[in-house]
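Just below is one structure, and these are the notes that go with it.
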Amino acid sequence: AKKCNPILGFYDPLGLAEQNFWGTSSEATIGFLRESEIKHGRIAMFAFVGYIVHANGIHFPWAMQLDGTPFPSVSSAPEAWDALSDSAKYQIVSFIGFLEVWRELKSEKHYMSGGKPGEFPAFDATYIPGGALNLYDPFGWSSKKSEEAKAAGLVKEINNGRLAMLGLFGFLSESKVEGSVPALKGIIPAYAGDYMGPYNHNIITDNFPGLS
């Protein structure tokens with residue numbers, strides 16, 4: 001904790017680190033919390049950059065789907081998700097679900113049993129000829145670093161992830177309540193959708209309004 005924030009140090013106002021999730025030990029609970037923080041931080045970093053990209057109308061020039069449907073061009077980033085077809089959304093969520101299952105089942109040692117939080121098992125030659133897909137270290141840079149360098153890199157990743165989570169929430173807040181983040185007023189466009197209802201519009205509710 002001190003390495004991540006020398007000034008604040010250990011910060012756990014809810015006392016989560018003292019809990020025993022699912023009847024496990026405190027060590028297992030801390031492993032779960034650290035894995036969750038790293039994972040959400042990584043997603044937030046992707047989302048922060050993605051929000052900026054979509055908000056500026058940047059997207060791939062080729063067709064998004066086989067029927068020729070292009071990538072949506074929007075002014076408010078969350079509208080890009082709303083513009084996706086149901087099949088595209090289900091593919092995205094299914095792929096993420098697969099990665100979650102792979103992480104849980106294929107790690108040499110689970111993060112709640114002393115394993116390394118944030119590590120992702122590679123798709124080695126057992127599954128892919130040549131074992132060319134390593135999402136945790138795709139370029140092989142981490143494997144060549146010393147343990148000290150890896151530890152320093154983890155601290156940077158955690159801090160950048162925390163900052164990205166705060167930044168993303170700033171975007172979301174300003175898009176729903178104008179002026180809630182003064183520095184972003186007039187920069188982040190309003191979003192009329194519901195962040196907590198990503199599937200409010202789907203093939204079922206659109207064709208059977210009475211079920212929505």
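Residue names in the structure tokens use chain letters A, B, ... in the order shown, residue numbers from 1 in each chain, and ligand numbers from 1 in the order shown.
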
Could you tell me, as number ranges by chain, which residues of chain A DSSP assigns to alpha helix (DSSP H) when given the backbone?
-> A: 26-55, 78-82, 86-106, 147-176, 203-207

Quick one: write out the picked residues with C-alpha atoms as a PDB file, in the first residue's frame?
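Output contents, as saved in out15.pdb:
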```pdb
ATOM      1  CA  SER A  26      -8.126 -13.180   5.108  1.00  0.00           C
ATOM      2  CA  GLU A  27      -5.218 -13.934   2.749  1.00  0.00           C
ATOM      3  CA  ALA A  28      -7.602 -15.417   0.157  1.00  0.00           C
ATOM      4  CA  THR A  29      -9.902 -12.415   0.482  1.00  0.00           C
ATOM      5  CA  ILE A  30      -7.026  -9.985  -0.063  1.00  0.00           C
ATOM      6  CA  GLY A  31      -5.990 -12.006  -3.128  1.00  0.00           C
ATOM      7  CA  PHE A  32      -9.510 -11.681  -4.507  1.00  0.00           C
ATOM      8  CA  LEU A  33      -9.600  -7.926  -3.840  1.00  0.00           C
ATOM      9  CA  ARG A  34      -6.230  -7.336  -5.464  1.00  0.00           C
ATOM     10  CA  GLU A  35      -7.194  -9.417  -8.510  1.00  0.00           C
ATOM     11  CA  SER A  36     -10.433  -7.430  -8.799  1.00  0.00           C
ATOM     12  CA  GLU A  37      -8.640  -4.097  -8.525  1.00  0.00           C
ATOM     13  CA  ILE A  38      -6.055  -4.979 -11.161  1.00  0.00           C
ATOM     14  CA  LYS A  39      -8.684  -6.402 -13.505  1.00  0.00           C
ATOM     15  CA  HIS A  40     -11.046  -3.439 -13.175  1.00  0.00           C
ATOM     16  CA  GLY A  41      -8.138  -1.042 -13.503  1.00  0.00           C
ATOM     17  CA  ARG A  42      -7.097  -2.631 -16.795  1.00  0.00           C
ATOM     18  CA  ILE A  43     -10.651  -2.488 -18.145  1.00  0.00           C
ATOM     19  CA  ALA A  44     -10.962   1.128 -17.010  1.00  0.00           C
ATOM     20  CA  MET A  45      -7.773   2.082 -18.850  1.00  0.00           C
ATOM     21  CA  PHE A  46      -9.177   0.557 -22.044  1.00  0.00           C
ATOM     22  CA  ALA A  47     -12.543   2.221 -21.422  1.00  0.00           C
ATOM     23  CA  PHE A  48     -11.025   5.649 -20.711  1.00  0.00           C
ATOM     24  CA  VAL A  49      -9.168   5.656 -24.012  1.00  0.00           C
ATOM     25  CA  GLY A  50     -12.153   4.113 -25.797  1.00  0.00           C
ATOM     26  CA  TYR A  51     -14.460   6.822 -24.491  1.00  0.00           C
ATOM     27  CA  ILE A  52     -12.187   9.532 -25.873  1.00  0.00           C
ATOM     28  CA  VAL A  53     -11.854   7.755 -29.219  1.00  0.00           C
ATOM     29  CA  HIS A  54     -15.605   7.285 -29.692  1.00  0.00           C
ATOM     30  CA  ALA A  55     -16.425  10.781 -28.419  1.00  0.00           C
ATOM     31  CA  PRO A  78     -21.925   5.359 -24.735  1.00  0.00           C
ATOM     32  CA  GLU A  79     -24.168   5.696 -27.766  1.00  0.00           C
ATOM     33  CA  ALA A  80     -21.692   3.494 -29.636  1.00  0.00           C
ATOM     34  CA  TRP A  81     -22.717   0.573 -27.431  1.00  0.00           C
ATOM     35  CA  ASP A  82     -26.409   1.353 -27.877  1.00  0.00           C
ATOM     36  CA  ASP A  86     -27.781  -7.604 -30.246  1.00  0.00           C
ATOM     37  CA  SER A  87     -25.597 -10.233 -31.884  1.00  0.00           C
ATOM     38  CA  ALA A  88     -22.529  -7.998 -31.583  1.00  0.00           C
ATOM     39  CA  LYS A  89     -23.219  -7.316 -27.905  1.00  0.00           C
ATOM     40  CA  TYR A  90     -23.694 -10.997 -27.139  1.00  0.00           C
ATOM     41  CA  GLN A  91     -20.437 -11.856 -28.912  1.00  0.00           C
ATOM     42  CA  ILE A  92     -18.540  -9.286 -26.852  1.00  0.00           C
ATOM     43  CA  VAL A  93     -20.013 -10.435 -23.548  1.00  0.00           C
ATOM     44  CA  SER A  94     -19.524 -14.106 -24.440  1.00  0.00           C
ATOM     45  CA  PHE A  95     -15.860 -13.541 -25.299  1.00  0.00           C
ATOM     46  CA  ILE A  96     -15.271 -11.702 -22.022  1.00  0.00           C
ATOM     47  CA  GLY A  97     -17.019 -14.529 -20.186  1.00  0.00           C
ATOM     48  CA  PHE A  98     -14.735 -17.046 -21.883  1.00  0.00           C
ATOM     49  CA  LEU A  99     -11.655 -15.092 -20.784  1.00  0.00           C
ATOM     50  CA  GLU A 100     -12.975 -15.024 -17.216  1.00  0.00           C
ATOM     51  CA  VAL A 101     -13.478 -18.789 -17.168  1.00  0.00           C
ATOM     52  CA  TRP A 102     -10.046 -19.347 -18.738  1.00  0.00           C
ATOM     53  CA  ARG A 103      -8.408 -17.209 -16.062  1.00  0.00           C
ATOM     54  CA  GLU A 104     -10.170 -19.073 -13.269  1.00  0.00           C
ATOM     55  CA  LEU A 105      -9.504 -22.583 -14.525  1.00  0.00           C
ATOM     56  CA  LYS A 106      -6.124 -22.481 -16.281  1.00  0.00           C
ATOM     57  CA  GLU A 147      11.705  -9.093 -10.214  1.00  0.00           C
ATOM     58  CA  GLU A 148      12.338  -5.536  -9.008  1.00  0.00           C
ATOM     59  CA  ALA A 149      11.300  -4.098 -12.360  1.00  0.00           C
ATOM     60  CA  LYS A 150       8.182  -6.274 -12.417  1.00  0.00           C
ATOM     61  CA  ALA A 151       7.217  -5.093  -8.927  1.00  0.00           C
ATOM     62  CA  ALA A 152       7.686  -1.454  -9.940  1.00  0.00           C
ATOM     63  CA  GLY A 153       5.641  -2.034 -13.089  1.00  0.00           C
ATOM     64  CA  LEU A 154       2.801  -3.529 -11.040  1.00  0.00           C
ATOM     65  CA  VAL A 155       2.696  -0.461  -8.803  1.00  0.00           C
ATOM     66  CA  LYS A 156       2.455   1.766 -11.878  1.00  0.00           C
ATOM     67  CA  GLU A 157      -0.273  -0.408 -13.361  1.00  0.00           C
ATOM     68  CA  ILE A 158      -2.333  -0.326 -10.165  1.00  0.00           C
ATOM     69  CA  ASN A 159      -2.028   3.451  -9.847  1.00  0.00           C
ATOM     70  CA  ASN A 160      -2.826   4.048 -13.513  1.00  0.00           C
ATOM     71  CA  GLY A 161      -5.819   1.733 -13.191  1.00  0.00           C
ATOM     72  CA  ARG A 162      -7.093   3.620 -10.161  1.00  0.00           C
ATOM     73  CA  LEU A 163      -6.730   6.917 -11.975  1.00  0.00           C
ATOM     74  CA  ALA A 164      -8.508   5.525 -15.036  1.00  0.00           C
ATOM     75  CA  MET A 165     -11.430   4.331 -12.900  1.00  0.00           C
ATOM     76  CA  LEU A 166     -11.791   7.793 -11.369  1.00  0.00           C
ATOM     77  CA  GLY A 167     -11.452   9.446 -14.791  1.00  0.00           C
ATOM     78  CA  LEU A 168     -14.047   7.181 -16.359  1.00  0.00           C
ATOM     79  CA  PHE A 169     -16.516   7.869 -13.563  1.00  0.00           C
ATOM     80  CA  GLY A 170     -15.880  11.551 -14.184  1.00  0.00           C
ATOM     81  CA  PHE A 171     -16.913  11.101 -17.824  1.00  0.00           C
ATOM     82  CA  LEU A 172     -20.022   9.136 -16.873  1.00  0.00           C
ATOM     83  CA  SER A 173     -21.061  11.616 -14.169  1.00  0.00           C
ATOM     84  CA  GLU A 174     -20.695  14.653 -16.405  1.00  0.00           C
ATOM     85  CA  SER A 175     -22.616  12.960 -19.224  1.00  0.00           C
ATOM     86  CA  LYS A 176     -25.614  12.467 -16.901  1.00  0.00           C
ATOM     87  CA  ILE A 203     -34.573  -7.925 -29.893  1.00  0.00           C
ATOM     88  CA  ILE A 204     -37.164  -8.940 -27.285  1.00  0.00           C
ATOM     89  CA  THR A 205     -38.133  -5.560 -25.827  1.00  0.00           C
ATOM     90  CA  ASP A 206     -38.109  -3.889 -29.234  1.00  0.00           C
ATOM     91  CA  ASN A 207     -40.556  -6.430 -30.672  1.00  0.00           C
TER      92      ASN A 207
END
```

Report as a list in words: the residues of chain A with a DSSP assignment of strand (DSSP E or B), based on the backbone of this structure.
->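 Result set for chain A (strand (DSSP E or B)): Ala63, Pro70, Phe123 and Leu133 of chain A.
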